[in-house]
Structures are given as structure tokens and as C-alpha cells.
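Peer 1: Contents of work07.pdb (PDB, C-alpha atoms and all ligand atoms) are given next:
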```pdb
ATOM      1  CA  MET A 599      21.587  -3.522   3.454
ATOM      2  CA  THR A 600      21.800  -0.148   1.738
ATOM      3  CA  PHE A 601      19.166   1.071  -0.608
ATOM      4  CA  GLN A 602      19.933   3.024  -3.728
ATOM      5  CA  CYS A 603      17.360   4.290  -6.177
ATOM      6  CA  VAL A 604      18.063   3.100  -9.727
ATOM      7  CA  HIS A 605      16.466   6.236 -11.095
ATOM      8  CA  CYS A 606      18.032   9.156  -9.202
ATOM      9  CA  GLY A 607      20.731   7.354  -7.190
ATOM     10  CA  THR A 608      19.629   8.618  -3.776
ATOM     11  CA  VAL A 609      20.579   6.449  -0.818
ATOM     12  CA  ASN A 610      17.877   7.796   1.504
ATOM     13  CA  PRO A 611      15.435   5.110   2.625
ATOM     14  CA  PRO A 612      12.197   5.088   0.616
ATOM     15  CA  HIS A 613       8.852   6.291   1.928
ATOM     16  CA  VAL A 614       6.398   3.531   2.811
ATOM     17  CA  LYS A 615       2.783   4.125   1.965
ATOM     18  CA  LYS A 616      -0.049   1.805   2.999
ATOM     19  CA  ARG A 617      -2.724   1.155   0.469
ATOM     20  CA  MET A 618      -5.601  -1.237   0.031
ATOM     21  CA  SER A 619      -4.794  -4.405  -1.882
ATOM     22  CA  GLY A 620      -6.988  -5.872  -4.621
ATOM     23  CA  ALA A 621      -8.271  -8.517  -2.211
ATOM     24  CA  GLY A 622      -9.109  -5.754   0.260
ATOM     25  CA  TRP A 623     -11.224  -3.942  -2.307
ATOM     26  CA  ALA A 624     -12.984  -7.194  -3.252
ATOM     27  CA  LEU A 625     -13.801  -7.830   0.407
ATOM     28  CA  PHE A 626     -14.994  -4.247   0.786
ATOM     29  CA  ILE A 627     -17.451  -4.649  -2.116
ATOM     30  CA  VAL A 628     -18.750  -7.972  -0.773
ATOM     31  CA  LEU A 629     -19.299  -6.445   2.669
ATOM     32  CA  LEU A 630     -20.912  -3.399   1.100
ATOM     33  CA  LEU A 631     -23.425  -5.623  -0.659
ATOM     34  CA  PHE A 632     -24.165  -8.095   2.114
ATOM     35  CA  CYS A 633     -23.065  -6.600   5.407
ATOM     36  CA  ILE A 634     -22.840  -2.817   5.277
ATOM     37  CA  PRO A 635     -22.165  -2.345   9.047
ATOM     38  CA  LEU A 636     -18.879  -4.234   8.593
ATOM     39  CA  CYS A 637     -17.722  -2.692   5.316
ATOM     40  CA  TRP A 638     -15.017  -0.679   7.127
ATOM     41  CA  LEU A 639     -13.206  -3.910   8.087
ATOM     42  CA  PRO A 640     -10.854  -4.092   5.056
ATOM     43  CA  PHE A 641      -9.550  -0.621   5.937
ATOM     44  CA  VAL A 642      -8.198  -1.774   9.298
ATOM     45  CA  LEU A 643      -7.301  -5.411   8.550
ATOM     46  CA  ASP A 644      -3.565  -5.820   7.976
ATOM     47  CA  GLY A 645      -4.168  -8.631   5.499
ATOM     48  CA  CYS A 646      -6.057  -6.252   3.223
ATOM     49  CA  GLN A 647      -3.298  -3.662   3.132
ATOM     50  CA  GLU A 648      -0.117  -3.669   1.116
ATOM     51  CA  ASN A 649       2.954  -1.501   1.354
ATOM     52  CA  GLU A 650       3.946   0.794  -1.442
ATOM     53  CA  TYR A 651       7.533   2.046  -1.548
ATOM     54  CA  LEU A 652       8.261   5.434  -3.017
ATOM     55  CA  CYS A 653      11.720   6.905  -3.532
ATOM     56  CA  SER A 654      12.299   9.810  -1.157
ATOM     57  CA  GLY A 655      14.435  11.536  -3.780
ATOM     58  CA  CYS A 656      12.450  11.394  -7.013
ATOM     59  CA  GLY A 657       9.158   9.850  -5.877
ATOM     60  CA  ILE A 658       9.340   6.911  -8.286
ATOM     61  CA  LYS A 659       7.514   3.728  -7.271
ATOM     62  CA  LEU A 660       9.914   0.985  -6.168
ATOM     63  CA  GLY A 661       9.608  -2.799  -6.215
TER      64      GLY A 661
HETATM   65 ZN    ZN B 701      14.778   8.075  -6.879
END
```
Rewrite the coordinates I just gave you, this time as C-alpha cells.

Peer 2:
Amino acid sequence: MTFQCVHCGTVNPPHVKKRMSGAGWALFIVLLLFCIPLCWLPFVLDGCQENEYLCSGCGIKLG
């Protein structure tokens, strides 16, 4: 499968950036309120992270 950016037409594979999902932030706030020693958990749990794809040519957000 080849990738091509619809914006700039580059065929270089996009950059993948990890970022916290909405559910991760919600869990973080709950832990912050009720269990502060564990509030770092959402930052390391895979289920609380989502991938963000950025074009390596123009930097536009993909998908
Ligand atoms: Zn692009």
C-alpha cells in the first residue's frame, strides 16, 4: 500500500505522533481527584493513547 498526501502529493510515509485520547484525559482527571499517586497511569497505558498521523511533506494532519 502506498501513501500519497492529498495536499502536497508527497509519497513519503507520514510521521506518527502519540497523543492522549479524550478517554485518557478523563481518566487522568478522575485519578487526579481520587487517587493522585496513580494519576500518571493514563500517560503510559496504551489504551489511553491514540496515534496522530502528520504528513512528512507539508505537516498536514491525516485521517
Ligand atoms: Zn502533505

Peer 1: Going by the chain IDs and residue numbers used in this file, which residues fall under the PyMOL selection byres (((not hetatm)) within 7 of (chain B and resi 701))? Write them as a ChimeraX atom specification.

Peer 2: /A:603-608,653-658

Peer 1: Would you kindly translate the PyMOL selection byres (((chain A and resi 637-646) around 8) and not hetatm) into the concrete residues it picks from this file, as a ChimeraX atom specification?

Peer 2: /A:618-623,625-627,629-630,633-636,647-648

Peer 1: Grab the atom CA of Asn649 of chain A to atom CA of Pro611 of chain A distance for me, in Å with one decimal place.

Peer 2: 14.2 Å

Peer 1: Rank A:Val614, A:Ala624, A:Val609, A:Leu631 by their smallest atom-to-atom distance to Glu650 of chain A, using all atoms listed in the file, and report the top residue only.

Peer 2: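 Ranked by minimum distance to Glu650 of chain A, first place goes to A:Val614.
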
Peer 1: Could you write out as a VMD selection string the residues that the PyMOL selection byres (((chain A and resi 651) around 6) and not hetatm) matches in the shown file?

Peer 2: chain A and resid 612 to 614 650 652 659 to 660
